[in-house]
>>> print(open('protein-v3.cif').read())   # mmCIF, C-alpha atoms
data_run
#
loop_
_atom_site.label_atom_id
_atom_site.label_comp_id
_atom_site.auth_asym_id
_atom_site.auth_seq_id
_atom_site.Cartn_x
_atom_site.Cartn_y
_atom_site.Cartn_z
CA MET F 43 -25.10 -103.93 11.57
CA LYS F 44 -24.32 -100.22 11.64
CA MET F 45 -22.77 -98.76 8.51
CA THR F 46 -21.34 -95.30 7.98
CA SER F 47 -20.95 -93.83 4.50
CA SER F 48 -19.76 -90.39 3.49
CA TYR F 49 -20.00 -88.05 0.53
CA GLN F 50 -18.13 -84.84 -0.18
CA VAL F 51 -19.72 -81.75 -1.71
CA GLU F 52 -17.43 -79.23 -3.39
CA LEU F 53 -17.75 -75.59 -2.36
CA LEU F 54 -17.46 -73.29 -5.37
CA ARG F 55 -15.64 -69.93 -5.40
CA ILE F 56 -14.90 -70.08 -1.68
CA LYS F 57 -11.11 -70.23 -1.22
CA LYS F 58 -10.46 -66.65 -0.03
CA ARG F 59 -13.55 -66.56 2.18
CA MET F 60 -12.74 -69.89 3.87
CA ASP F 61 -9.07 -69.31 4.70
CA PRO F 62 -9.65 -66.91 7.68
CA THR F 63 -12.05 -69.40 9.30
CA VAL F 64 -9.57 -72.25 9.05
CA LYS F 65 -6.75 -70.02 10.30
CA ILE F 66 -8.58 -68.76 13.39
CA GLY F 67 -9.79 -72.29 14.16
CA ARG F 68 -6.25 -73.64 14.20
CA GLU F 69 -5.01 -70.71 16.27
CA ALA F 70 -7.78 -71.33 18.82
CA LEU F 71 -6.90 -75.04 18.86
CA ALA F 72 -3.23 -74.28 19.58
CA PHE F 73 -4.30 -71.90 22.39
CA CYS F 74 -6.59 -74.54 23.95
CA ILE F 75 -4.00 -77.31 23.68
CA GLU F 76 -1.40 -75.20 25.47
CA HIS F 77 -3.68 -74.35 28.41
CA ILE F 78 -5.29 -77.80 28.70
CA ASP F 79 -1.82 -79.29 28.93
CA LEU F 80 -1.05 -76.91 31.82
CA HIS F 81 -4.21 -78.01 33.69
CA TRP F 82 -3.97 -81.68 32.72
CA GLY F 83 -3.28 -82.76 36.30
CA ASP F 84 -6.75 -81.59 37.36
CA ILE F 85 -8.47 -82.74 34.15
CA GLU F 86 -6.99 -86.24 34.32
CA ARG F 87 -8.63 -86.92 37.71
CA ILE F 88 -12.09 -86.51 36.12
CA GLN F 89 -13.25 -89.88 34.78
CA ARG F 90 -16.49 -89.09 32.98
CA PRO F 91 -15.95 -87.59 29.51
CA LYS F 92 -18.85 -85.14 29.80
CA GLU F 93 -17.65 -83.77 33.14
CA ARG F 94 -14.11 -83.57 31.80
CA PHE F 95 -15.32 -81.53 28.84
CA ASN F 96 -17.39 -79.22 31.07
CA TYR F 97 -14.34 -78.56 33.22
CA ALA F 98 -12.23 -77.79 30.15
CA GLU F 99 -14.89 -75.49 28.70
CA LYS F 100 -14.89 -73.37 31.85
CA LEU F 101 -11.23 -72.63 31.18
CA PHE F 102 -12.15 -70.72 28.02
CA HIS F 103 -15.81 -69.66 28.24
CA ALA F 104 -16.83 -66.94 30.68
CA THR F 105 -20.23 -67.06 32.41
CA LYS F 106 -21.80 -65.31 35.41
CA ASP F 107 -20.58 -68.08 37.71
CA ASN F 108 -17.21 -68.40 35.98
CA GLU F 109 -14.95 -65.35 35.82
CA ASN F 110 -11.68 -67.10 35.05
CA PRO F 111 -9.20 -64.49 33.72
CA GLN F 112 -8.09 -67.03 31.14
CA CYS F 113 -11.58 -66.79 29.59
CA ALA F 114 -11.08 -63.07 28.99
CA GLU F 115 -7.81 -63.85 27.24
CA PHE F 116 -9.55 -66.38 24.97
CA ASP F 117 -12.34 -63.92 24.13
CA LYS F 118 -9.76 -61.23 23.41
CA HIS F 119 -7.91 -63.36 20.87
CA PHE F 120 -11.01 -65.05 19.40
CA PRO F 121 -13.97 -62.66 19.79
CA LYS F 122 -17.58 -63.77 19.27
CA MET F 123 -16.60 -67.31 18.29
CA PRO F 124 -19.77 -69.44 17.78
CA SER F 125 -20.46 -71.77 20.69
CA TYR F 126 -20.44 -75.03 18.70
CA PHE F 127 -17.25 -74.02 16.91
CA ARG F 128 -15.59 -73.31 20.27
CA ARG F 129 -16.76 -76.64 21.70
CA ALA F 130 -15.44 -78.53 18.69
CA VAL F 131 -12.05 -76.86 19.20
CA ILE F 132 -12.02 -77.74 22.93
CA GLN F 133 -13.02 -81.36 22.23
CA LYS F 134 -10.22 -81.73 19.69
CA ALA F 135 -7.73 -80.17 22.12
CA LEU F 136 -8.75 -82.61 24.86
CA GLY F 137 -8.21 -85.56 22.53
CA THR F 138 -4.84 -84.25 21.35
CA VAL F 139 -3.47 -83.72 24.87
CA SER F 140 -4.88 -87.03 26.13
CA SER F 141 -3.23 -88.88 23.24
CA TYR F 142 0.09 -87.12 23.86
CA ARG F 143 0.04 -87.96 27.57
CA SER F 144 -0.77 -91.63 26.87
CA ASN F 145 1.98 -91.92 24.29
CA TYR F 146 4.46 -90.30 26.67
CA LYS F 147 3.61 -92.77 29.44
CA ASN F 148 4.00 -95.69 27.04
CA TRP F 149 7.38 -94.29 25.97
CA GLU F 150 8.50 -94.16 29.59
CA VAL F 151 7.24 -97.69 30.32
CA SER F 152 9.06 -99.09 27.27
CA GLY F 153 12.42 -97.83 28.62
CA LYS F 154 12.45 -94.48 26.78
CA GLN F 155 13.51 -96.06 23.50
CA GLY F 156 13.71 -93.70 20.56
CA LYS F 157 12.68 -90.08 20.54
CA PRO F 158 10.05 -88.96 23.08
CA PRO F 159 6.56 -88.01 21.79
CA ARG F 160 5.98 -84.30 21.29
CA LEU F 161 2.87 -82.24 21.80
CA GLN F 162 2.08 -80.61 18.47
CA PRO F 163 -0.42 -77.76 18.88
CA ASP F 164 -0.04 -76.70 15.23
CA CYS F 165 -1.98 -79.57 13.63
CA CYS F 166 -3.91 -79.59 10.36
CA TRP F 167 -7.36 -79.47 11.97
CA MET F 168 -10.46 -78.69 9.92
CA PRO F 169 -13.69 -77.40 11.51
CA THR F 170 -17.09 -79.07 11.70
CA PHE F 171 -20.11 -76.93 10.78
CA TYR F 172 -22.89 -77.90 13.17
CA ASN F 173 -26.48 -77.53 12.02
CA GLN F 174 -28.28 -74.25 12.76
CA ASN F 175 -25.26 -72.81 14.58
CA MET F 176 -22.74 -72.95 11.71
CA TYR F 177 -24.55 -74.58 8.77
CA ASN F 178 -27.96 -74.32 7.11
CA PRO F 179 -29.16 -75.73 3.78
CA GLY F 180 -29.99 -73.03 1.27
CA ASP F 181 -32.45 -72.65 -1.57
CA GLY F 182 -31.45 -74.20 -4.87
CA ASP F 183 -27.80 -75.12 -5.30
CA THR F 184 -26.51 -73.24 -2.24
CA VAL F 185 -25.71 -73.71 1.44
CA TRP F 186 -25.29 -71.20 4.27
CA LEU F 187 -22.10 -71.25 6.35
CA LYS F 188 -21.10 -68.99 9.22
CA LEU F 189 -17.55 -67.85 8.43
CA TYR F 190 -14.98 -65.51 9.95
CA ASP F 191 -14.04 -62.65 7.65
CA GLY F 192 -11.15 -61.33 9.74
CA LYS F 193 -13.32 -59.09 11.95
CA GLU F 194 -16.54 -60.92 12.81
CA TRP F 195 -18.58 -64.06 12.15
CA LEU F 196 -21.17 -63.67 9.38
CA TRP F 197 -23.44 -65.98 7.38
CA HIS F 198 -22.28 -66.54 3.79
CA GLN F 199 -24.25 -68.13 0.96
CA ILE F 200 -22.00 -70.65 -0.83
CA ASP F 201 -22.64 -72.22 -4.23
CA VAL F 202 -22.38 -76.01 -4.61
CA ARG F 203 -22.71 -78.34 -7.56
CA HIS F 204 -26.24 -79.37 -8.50
CA THR F 205 -25.07 -82.93 -9.18
CA ASP F 206 -23.78 -83.29 -5.60
CA LEU F 207 -27.09 -82.24 -4.08
CA ALA F 208 -28.98 -84.45 -6.53
CA TYR F 209 -26.85 -87.45 -5.55
CA ILE F 210 -27.51 -86.91 -1.85
CA GLN F 211 -31.22 -86.46 -2.48
CA LYS F 212 -31.40 -89.63 -4.58
CA HIS F 213 -29.32 -92.01 -2.47
CA TRP F 214 -29.39 -90.60 1.07
CA SER F 215 -32.75 -88.88 1.50
CA HIS F 216 -33.84 -91.74 3.83
CA VAL F 217 -30.87 -91.21 6.19
CA LYS F 218 -30.18 -88.23 8.41
CA ALA F 219 -26.87 -86.59 7.56
CA SER F 220 -24.34 -85.70 10.22
CA ALA F 221 -22.87 -82.24 10.70
CA PRO F 222 -20.57 -81.65 7.69
CA THR F 223 -16.81 -81.45 8.19
CA LEU F 224 -14.63 -79.19 6.09
CA GLU F 225 -11.95 -80.78 3.91
CA LYS F 226 -9.30 -79.34 1.64
CA ARG F 227 -7.98 -81.40 -1.26
CA HIS F 228 -5.90 -80.25 -4.20
CA GLY F 229 -6.46 -76.59 -3.30
CA ARG F 230 -10.27 -76.91 -3.16
CA TYR F 231 -12.64 -76.95 -0.20
CA TYR F 232 -15.31 -79.62 0.37
CA LEU F 233 -17.99 -80.43 2.92
CA ARG F 234 -17.92 -84.08 4.00
CA PHE F 235 -21.34 -85.45 5.04
CA ALA F 236 -21.58 -88.76 6.93
CA PHE F 237 -24.63 -91.04 6.81
CA GLU F 238 -25.23 -93.86 9.29
CA GLU F 239 -27.69 -96.62 8.49
CA GLY F 240 -28.56 -100.06 9.83
CA LYS F 241 -28.35 -103.09 7.53
CA GLU F 242 -29.30 -106.72 8.05
CA LEU F 243 -27.14 -109.12 6.03
CA TYR F 244 -28.37 -112.33 4.44
CA ASP F 245 -28.59 -115.41 6.66
CA ILE F 246 -25.87 -117.81 5.46
CA SER F 247 -25.86 -120.18 8.43
CA ASP F 248 -27.13 -123.13 6.37
CA GLY F 249 -24.16 -122.99 3.95
CA THR F 250 -26.35 -123.35 0.84
CA ASN F 251 -25.91 -119.78 -0.33
CA LEU F 252 -25.13 -118.58 -3.83
CA ILE F 253 -21.69 -116.98 -4.15
CA CYS F 254 -19.72 -114.77 -6.51
CA ALA F 255 -16.07 -115.87 -6.60
CA VAL F 256 -13.74 -113.06 -7.67
CA ASP F 257 -10.14 -113.29 -8.84
CA LEU F 258 -8.46 -109.88 -8.92
CA GLY F 259 -5.73 -109.65 -11.52
CA ILE F 260 -3.39 -107.28 -13.29
CA ASN F 261 -3.94 -108.29 -16.93
CA THR F 262 -7.70 -108.61 -16.41
CA ASP F 263 -9.02 -106.37 -13.63
CA ALA F 264 -11.36 -109.01 -12.20
CA VAL F 265 -12.86 -112.34 -13.22
CA CYS F 266 -16.12 -113.33 -11.52
CA CYS F 267 -18.12 -116.54 -11.55
CA ILE F 268 -21.50 -117.31 -9.99
CA MET F 269 -21.34 -120.70 -8.24
CA GLN F 270 -23.82 -122.95 -6.46
CA PRO F 271 -22.97 -125.23 -3.47
CA ASP F 272 -22.84 -128.33 -5.73
CA GLY F 273 -20.24 -126.67 -7.96
CA THR F 274 -22.59 -125.63 -10.77
CA ILE F 275 -21.33 -122.52 -12.60
CA LEU F 276 -24.28 -120.32 -13.50
CA ASN F 277 -22.46 -117.41 -15.11
CA ARG F 278 -19.03 -115.86 -15.67
CA LYS F 279 -17.88 -112.32 -16.32
CA PHE F 280 -14.59 -110.65 -17.24
CA ILE F 281 -14.32 -107.12 -15.82
CA ASP F 282 -11.71 -105.01 -17.57
CA PHE F 283 -11.15 -101.31 -18.23
CA PRO F 284 -8.36 -101.25 -20.84
CA SER F 285 -8.65 -97.55 -21.70
CA ASP F 286 -8.28 -96.53 -18.03
CA LYS F 287 -5.27 -98.80 -17.58
CA ASP F 288 -3.73 -97.47 -20.78
CA HIS F 289 -4.17 -93.93 -19.42
CA LEU F 290 -2.49 -94.95 -16.16
CA TYR F 291 0.45 -96.63 -17.88
CA THR F 292 0.88 -93.58 -20.13
CA VAL F 293 1.16 -91.37 -17.05
CA LEU F 294 3.68 -93.77 -15.45
CA ASN F 295 5.80 -93.81 -18.62
CA ARG F 296 5.71 -90.02 -18.69
CA ILE F 297 7.04 -90.00 -15.12
CA LYS F 298 9.85 -92.39 -16.09
CA ARG F 299 10.83 -90.24 -19.04
CA TYR F 300 10.79 -87.07 -16.93
CA GLN F 301 12.96 -88.68 -14.24
CA ARG F 302 15.49 -89.86 -16.81
CA GLU F 303 15.80 -86.38 -18.29
CA HIS F 304 15.47 -84.16 -15.20
CA GLY F 305 15.99 -86.41 -12.15
CA SER F 306 13.58 -87.35 -9.36
CA HIS F 307 12.94 -83.80 -8.17
CA ASN F 308 9.65 -82.00 -8.75
CA VAL F 309 7.71 -85.12 -9.78
CA GLY F 310 5.30 -85.04 -6.82
CA SER F 311 2.47 -83.59 -8.89
CA PHE F 312 2.94 -86.31 -11.53
CA TRP F 313 2.66 -89.06 -8.90
CA LYS F 314 -0.40 -87.44 -7.32
CA TYR F 315 -2.12 -87.38 -10.70
CA ALA F 316 -1.20 -91.04 -11.30
CA GLN F 317 -2.61 -91.93 -7.89
CA ARG F 318 -5.90 -90.18 -8.66
CA VAL F 319 -6.19 -92.06 -11.96
CA ASN F 320 -5.47 -95.33 -10.13
CA ASP F 321 -8.06 -94.57 -7.44
CA GLU F 322 -10.70 -93.89 -10.07
CA LEU F 323 -9.90 -97.21 -11.76
CA ALA F 324 -10.27 -99.03 -8.42
CA LYS F 325 -13.70 -97.44 -7.88
CA LYS F 326 -14.89 -98.57 -11.32
CA ILE F 327 -13.72 -102.15 -10.68
CA ALA F 328 -15.42 -102.27 -7.26
CA ASN F 329 -18.69 -100.91 -8.67
CA ALA F 330 -18.67 -103.46 -11.50
CA ILE F 331 -18.10 -106.38 -9.09
CA VAL F 332 -20.92 -105.36 -6.75
CA ASP F 333 -23.33 -104.60 -9.60
CA TYR F 334 -22.69 -108.07 -11.03
CA ALA F 335 -23.23 -109.70 -7.62
CA VAL F 336 -26.47 -107.79 -7.07
CA LEU F 337 -27.70 -108.74 -10.56
CA TRP F 338 -27.44 -112.43 -9.65
CA SER F 339 -28.72 -111.95 -6.07
CA VAL F 340 -25.72 -113.64 -4.51
CA GLU F 341 -25.36 -113.81 -0.74
CA VAL F 342 -21.56 -113.95 -0.46
CA ILE F 343 -18.69 -112.41 -2.45
CA VAL F 344 -15.49 -114.48 -2.06
CA PHE F 345 -11.99 -113.02 -2.46
CA GLU F 346 -8.47 -114.25 -2.00
CA LYS F 347 -6.66 -113.07 1.12
CA LEU F 348 -3.94 -111.07 -0.62
CA ASP F 349 -1.24 -110.08 1.87
CA MET F 350 1.98 -108.77 0.30
CA ARG F 351 3.36 -106.88 3.28
CA GLY F 352 7.13 -106.95 3.41
CA ARG F 353 7.44 -107.86 -0.26
CA LYS F 354 8.81 -105.45 -2.82
CA SER F 355 8.32 -105.68 -6.55
CA LYS F 356 10.23 -103.97 -9.32
CA SER F 357 7.15 -104.05 -11.55
CA GLN F 358 5.17 -100.80 -11.58
CA LYS F 359 2.03 -102.72 -12.52
CA ILE F 360 2.19 -104.71 -9.29
CA THR F 361 3.15 -101.65 -7.25
CA MET F 362 0.11 -99.71 -8.51
CA TRP F 363 -2.22 -102.69 -8.09
CA ARG F 364 -5.02 -101.54 -5.74
CA LYS F 365 -6.07 -105.07 -4.69
CA ASN F 366 -6.73 -104.25 -1.02
CA GLY F 367 -8.37 -100.93 -1.84
CA ILE F 368 -10.74 -102.67 -4.27
CA GLN F 369 -11.67 -105.27 -1.65
CA GLU F 370 -12.38 -102.57 0.95
CA MET F 371 -14.64 -100.67 -1.45
CA VAL F 372 -16.43 -103.88 -2.47
CA GLU F 373 -16.96 -104.79 1.18
CA HIS F 374 -18.62 -101.47 1.96
CA LYS F 375 -20.84 -101.53 -1.14
CA ALA F 376 -21.71 -105.20 -0.64
CA HIS F 377 -22.78 -104.69 2.97
CA ARG F 378 -25.09 -101.90 1.83
CA ASN F 379 -26.76 -104.54 -0.36
CA ALA F 380 -26.91 -107.11 2.51
CA ILE F 381 -24.15 -109.25 0.92
CA HIS F 382 -21.45 -110.95 3.02
CA ILE F 383 -17.72 -110.86 2.24
CA SER F 384 -15.49 -113.91 2.72
CA HIS F 385 -11.78 -114.58 2.13
CA ILE F 386 -9.92 -117.79 1.38
CA CYS F 387 -6.24 -118.68 1.30
CA ALA F 388 -4.63 -117.46 -1.93
CA TRP F 389 -1.95 -120.15 -2.15
CA ASN F 390 -2.03 -122.08 -5.44
CA THR F 391 -5.40 -120.75 -6.64
CA SER F 392 -3.79 -119.51 -9.87
CA ARG F 393 -1.02 -122.10 -9.97
CA LEU F 394 -3.23 -125.23 -9.98
CA ALA F 395 -5.62 -126.10 -12.80
CA TYR F 396 -9.27 -126.17 -11.83
CA ASP F 397 -9.77 -129.67 -13.32
CA GLY F 398 -7.27 -131.26 -10.91
CA SER F 399 -4.61 -131.95 -13.55
CA GLY F 400 -1.90 -130.26 -11.46
CA ARG F 401 0.27 -127.22 -12.10
CA LEU F 402 -0.35 -125.11 -15.16
CA GLU F 403 2.04 -123.16 -17.36
CA ARG F 404 1.28 -119.57 -18.32
CA ASP F 405 1.69 -118.50 -21.91
CA ALA F 406 4.89 -116.50 -22.40
CA HIS F 407 3.22 -113.93 -24.67
CA ASN F 408 -0.30 -113.83 -23.21
CA HIS F 409 -0.19 -114.22 -19.41
CA ALA F 410 -3.96 -114.52 -19.22
CA LEU F 411 -3.78 -117.91 -20.99
CA ALA F 412 -2.47 -121.08 -19.38
CA THR F 413 -1.72 -124.61 -20.56
CA PHE F 414 -2.75 -127.49 -18.30
CA SER F 415 -0.59 -130.59 -17.90
CA ASN F 416 -3.07 -132.51 -20.08
CA GLY F 417 -2.50 -130.03 -22.93
CA LYS F 418 -5.73 -128.06 -22.59
CA GLN F 419 -5.53 -124.27 -22.88
CA TYR F 420 -7.72 -122.17 -20.61
CA ASN F 421 -7.97 -118.70 -19.12
CA CYS F 422 -5.77 -118.65 -16.02
CA ASP F 423 -7.84 -116.07 -14.11
CA LEU F 424 -11.10 -117.90 -14.81
CA SER F 425 -9.56 -121.14 -13.54
CA ALA F 426 -8.47 -119.29 -10.40
CA SER F 427 -12.00 -117.97 -9.79
CA TYR F 428 -13.33 -121.55 -9.94
CA ASN F 429 -10.76 -122.61 -7.35
CA ILE F 430 -11.63 -119.63 -5.11
CA GLY F 431 -15.32 -120.51 -5.08
CA ALA F 432 -14.57 -124.20 -4.55
CA ARG F 433 -12.38 -123.54 -1.52
CA TYR F 434 -15.13 -121.48 0.07
CA TYR F 435 -17.66 -124.30 -0.28
CA ILE F 436 -15.17 -126.94 0.88
CA ARG F 437 -14.60 -124.95 4.04
CA GLU F 438 -18.34 -124.51 4.62
CA ILE F 439 -18.94 -128.25 4.10
CA LEU F 440 -16.21 -129.43 6.47
CA LYS F 441 -16.61 -126.80 9.19
CA PRO F 442 -19.80 -128.12 10.87
CA LEU F 443 -18.77 -131.82 10.66
CA ASP F 444 -17.51 -133.79 13.64
CA VAL F 445 -14.04 -135.39 13.64
CA ASN F 446 -15.20 -138.83 12.53
CA SER F 447 -17.31 -137.58 9.62
CA ARG F 448 -14.52 -135.32 8.48
CA SER F 449 -12.00 -138.17 8.62
CA ARG F 450 -14.23 -140.39 6.46
CA LEU F 451 -14.53 -137.66 3.83
CA GLN F 452 -10.79 -137.04 3.90
CA ALA F 453 -10.17 -140.75 3.32
CA LYS F 454 -12.34 -140.62 0.19
CA VAL F 455 -11.05 -137.22 -1.02
CA PRO F 456 -7.46 -136.85 0.30
CA GLU F 457 -7.00 -133.38 -1.25
CA VAL F 458 -9.28 -131.72 1.33
CA GLU F 459 -6.76 -132.49 4.07
CA ARG F 460 -4.51 -129.75 2.66
CA ARG F 461 -6.72 -126.81 1.84
CA THR F 462 -4.00 -125.12 -0.22
CA ARG F 463 -4.11 -128.04 -2.69
CA CYS F 464 -7.89 -127.93 -3.19
CA THR F 465 -9.28 -127.09 -6.61
CA TYR F 466 -12.67 -127.01 -8.30
CA SER F 467 -12.42 -130.72 -9.06
CA THR F 468 -11.95 -131.38 -5.32
CA LEU F 469 -15.32 -129.78 -4.61
CA LEU F 470 -17.04 -131.94 -7.25
CA SER F 471 -15.49 -135.09 -5.75
CA LEU F 472 -16.50 -134.05 -2.25
CA VAL F 473 -20.09 -133.40 -3.32
CA ASP F 474 -20.29 -136.80 -5.05
CA CYS F 475 -19.05 -138.55 -1.90
CA MET F 476 -21.61 -136.79 0.28
CA VAL F 477 -24.46 -137.65 -2.11
CA ALA F 478 -23.36 -141.28 -2.24
#
>>> encode(input="protein-v3.cif", output="structure tokens")
Amino acid sequence: MKMTSSYQVELLRIKKRMDPTVKIGREALAFCIEHIDLHWGDIERIQRPKERFNYAEKLFHATKDNENPQCAEFDKHFPKMPSYFRRAVIQKALGTVSSYRSNYKNWEVSGKQGKPPRLQPDCCWMPTFYNQNMYNPGDGDTVWLKLYDGKEWLWHQIDVRHTDLAYIQKHWSHVKASAPTLEKRHGRYYLRFAFEEGKELYDISDGTNLICAVDLGINTDAVCCIMQPDGTILNRKFIDFPSDKDHLYTVLNRIKRYQREHGSHNVGSFWKYAQRVNDELAKKIANAIVDYAVLWSVEVIVFEKLDMRGRKSKSQKITMWRKNGIQEMVEHKAHRNAIHISHICAWNTSRLAYDGSGRLERDAHNHALATFSNGKQYNCDLSASYNIGARYYIREILKPLDVNSRSRLQAKVPEVERRTRCTYSTLLSLVDCMVA
């Protein structure tokens, strides 16, 4: 499978030198969008993308065979613009106008409900620095970029962090990097490099693979267990970052206090900082899960399918819970290590005890602990991770069976008929029946 990863490199002491380049790029984009929209009737008849682009380029680039007066107007407003920079602007303009025209047709077909789509030439576009024409690697901790200084396009030597270049050299030296794209975040400029690589995942067609079952939680960030197809638990791990969560909750409490005293205005910067802290916590959790899975050479990481769309919670802990973001990061990192990702139904995984004794009761003071109906106390999240792994294996066991074989197993183990009632004890019973 093809995988694309990216890494951003911060450009140091560049803000004033970069602003004119971004400004003239957006002005050129607005100019191209306006004129492509005027000629869209002719452009739309061209089916092949390459021919469509060539036609659009002739509207703005003068050659010996092309003396369109519109080209002189483009060169007058944007003199000596590098060819690859101009082509990137034209390509973006084509996509913008094409999207607007498609959306407008869909609006007309749907009975013109709501406000009509608008063509927005003033978009927040950032340029791509193509190799040799706009970008060259420098010596040491520098790169060369061709920038517009308000009068002409000149090469500028830009400082970058040594750690960024060292990271790319260590982890991506075997992969060719794409042309970097400029980004601006929190008032700083970055170059975003993309790396595409091919990966072959483990073969799990026989269903006898080793898995890492993961229960994502709020009190404990993640609880993992390594499980074999017969239900044997090889290892368990509690992943938790209490200091990071304490930092996050401190920031959230500070926001509450500020809103009580001064209202909800001017708290955007507080929330942005809280979001950055939360994102960093999610990255640490994802890295810890994948590192643990790689350590045990598992072939599949199993998660719950957590879908809370349409549900609102008054708890800030649940609102800031990056469950889906963690799973997305784990999926990308796992695929880079040839590991599959699987999801099971989340119903009753935490509500039912892993030993089959029925519903459990959480401790009122310590929500991580639970009391089973038989009186035993156990960690609730660890019990849920057992149930998650068991449901994966139950599904893999029943999936290839024919109707008759499946019916015989369901007669011996009735719990497998309703997958949302399956627990770890169900898997053990199912394995015993198959062995017998």
>>> resolve_selection(input="protein-v3.cif", expression="the PyMOL selection byres ((chain F and resi 397) around 7)", output="JSON, numbers by chain")
{"F": [395, 396, 398, 399, 466, 467]}
>>> residues_around(input="protein-v3.cif", residues="region 56-60 of chain F", least_positions_apart="5", cutoff="8 Å", atoms="all atoms listed in the file", output="ChimeraX atom specification")
/F:189-191,200,230-231
>>> resolve_selection(input="protein-v3.cif", expression="the PyMOL selection byres ((chain F and resi 392) around 12)", output="MDAnalysis selection string")
chainID F and resid 257:259 346 387:391 393:396 400:404 409:412 414 420:430 462:466
>>> write_last_selection(input="protein-v3.cif", atoms="C-alpha atoms", output="mmCIF file, in the frame of the given file")
data_model
loop_
_atom_site.group_PDB
_atom_site.id
_atom_site.type_symbol
_atom_site.label_atom_id
_atom_site.label_comp_id
_atom_site.auth_asym_id
_atom_site.auth_seq_id
_atom_site.Cartn_x
_atom_site.Cartn_y
_atom_site.Cartn_z
ATOM 1 C CA ASP F 257 -10.140 -113.290 -8.840
ATOM 2 C CA LEU F 258 -8.460 -109.880 -8.920
ATOM 3 C CA GLY F 259 -5.730 -109.650 -11.520
ATOM 4 C CA GLU F 346 -8.470 -114.250 -2.000
ATOM 5 C CA CYS F 387 -6.240 -118.680 1.300
ATOM 6 C CA ALA F 388 -4.630 -117.460 -1.930
ATOM 7 C CA TRP F 389 -1.950 -120.150 -2.150
ATOM 8 C CA ASN F 390 -2.030 -122.080 -5.440
ATOM 9 C CA THR F 391 -5.400 -120.750 -6.640
ATOM 10 C CA ARG F 393 -1.020 -122.100 -9.970
ATOM 11 C CA LEU F 394 -3.230 -125.230 -9.980
ATOM 12 C CA ALA F 395 -5.620 -126.100 -12.800
ATOM 13 C CA TYR F 396 -9.270 -126.170 -11.830
ATOM 14 C CA GLY F 400 -1.900 -130.260 -11.460
ATOM 15 C CA ARG F 401 0.270 -127.220 -12.100
ATOM 16 C CA LEU F 402 -0.350 -125.110 -15.160
ATOM 17 C CA GLU F 403 2.040 -123.160 -17.360
ATOM 18 C CA ARG F 404 1.280 -119.570 -18.320
ATOM 19 C CA HIS F 409 -0.190 -114.220 -19.410
ATOM 20 C CA ALA F 410 -3.960 -114.520 -19.220
ATOM 21 C CA LEU F 411 -3.780 -117.910 -20.990
ATOM 22 C CA ALA F 412 -2.470 -121.080 -19.380
ATOM 23 C CA PHE F 414 -2.750 -127.490 -18.300
ATOM 24 C CA TYR F 420 -7.720 -122.170 -20.610
ATOM 25 C CA ASN F 421 -7.970 -118.700 -19.120
ATOM 26 C CA CYS F 422 -5.770 -118.650 -16.020
ATOM 27 C CA ASP F 423 -7.840 -116.070 -14.110
ATOM 28 C CA LEU F 424 -11.100 -117.900 -14.810
ATOM 29 C CA SER F 425 -9.560 -121.140 -13.540
ATOM 30 C CA ALA F 426 -8.470 -119.290 -10.400
ATOM 31 C CA SER F 427 -12.000 -117.970 -9.790
ATOM 32 C CA TYR F 428 -13.330 -121.550 -9.940
ATOM 33 C CA ASN F 429 -10.760 -122.610 -7.350
ATOM 34 C CA ILE F 430 -11.630 -119.630 -5.110
ATOM 35 C CA THR F 462 -4.000 -125.120 -0.220
ATOM 36 C CA ARG F 463 -4.110 -128.040 -2.690
ATOM 37 C CA CYS F 464 -7.890 -127.930 -3.190
ATOM 38 C CA THR F 465 -9.280 -127.090 -6.610
ATOM 39 C CA TYR F 466 -12.670 -127.010 -8.300
#
>>> atom_distance(input="protein-v3.cif", atom1="CA of Ser125 (chain F)", atom2="CA of His103 (chain F)")
9.1 Å
>>> residues_around(input="protein-v3.cif", residues="Tyr146 (chain F)", least_positions_apart="5", cutoff="10 Å", atoms="only C-alpha atoms", output="ChimeraX atom specification")
/F:140-141,151-152,154,158-161
>>> resolve_selection(input="protein-v3.cif", expression="the PyMOL selection byres ((chain F and resi 178) around 12)", output="PyMOL selection string")
chain F and resi 171-177+179-181+184-188+197-200+221-222
>>> closest_residue(input="protein-v3.cif", among="F:Gly431, F:Ala114, F:Lys314, F:Ser247", to="Ile275 (chain F)", atoms="only C-alpha atoms")
F:Gly431
>>> closest_residue(input="protein-v3.cif", among="F:Leu233, F:Leu470, F:Ile360, F:Ala330", to="Tyr291 (chain F)", atoms="only C-alpha atoms")
F:Ile360
>>> atom_distance(input="protein-v3.cif", atom1="CA of Leu469 (chain F)", atom2="CA of Asn366 (chain F)")
27.2 Å
>>> axis_aligned_box(input="protein-v3.cif", around="region 300-317 of chain F", padding_each_side="4 Å", output="JSON")
{"center_x": 6.7, "center_y": -87.0, "center_z": -12.6, "size_x": 26.6, "size_y": 17.9, "size_z": 19.5}
>>> atom_distance(input="protein-v3.cif", atom1="CA of Arg90 (chain F)", atom2="CA of Ala72 (chain F)")
24.0 Å
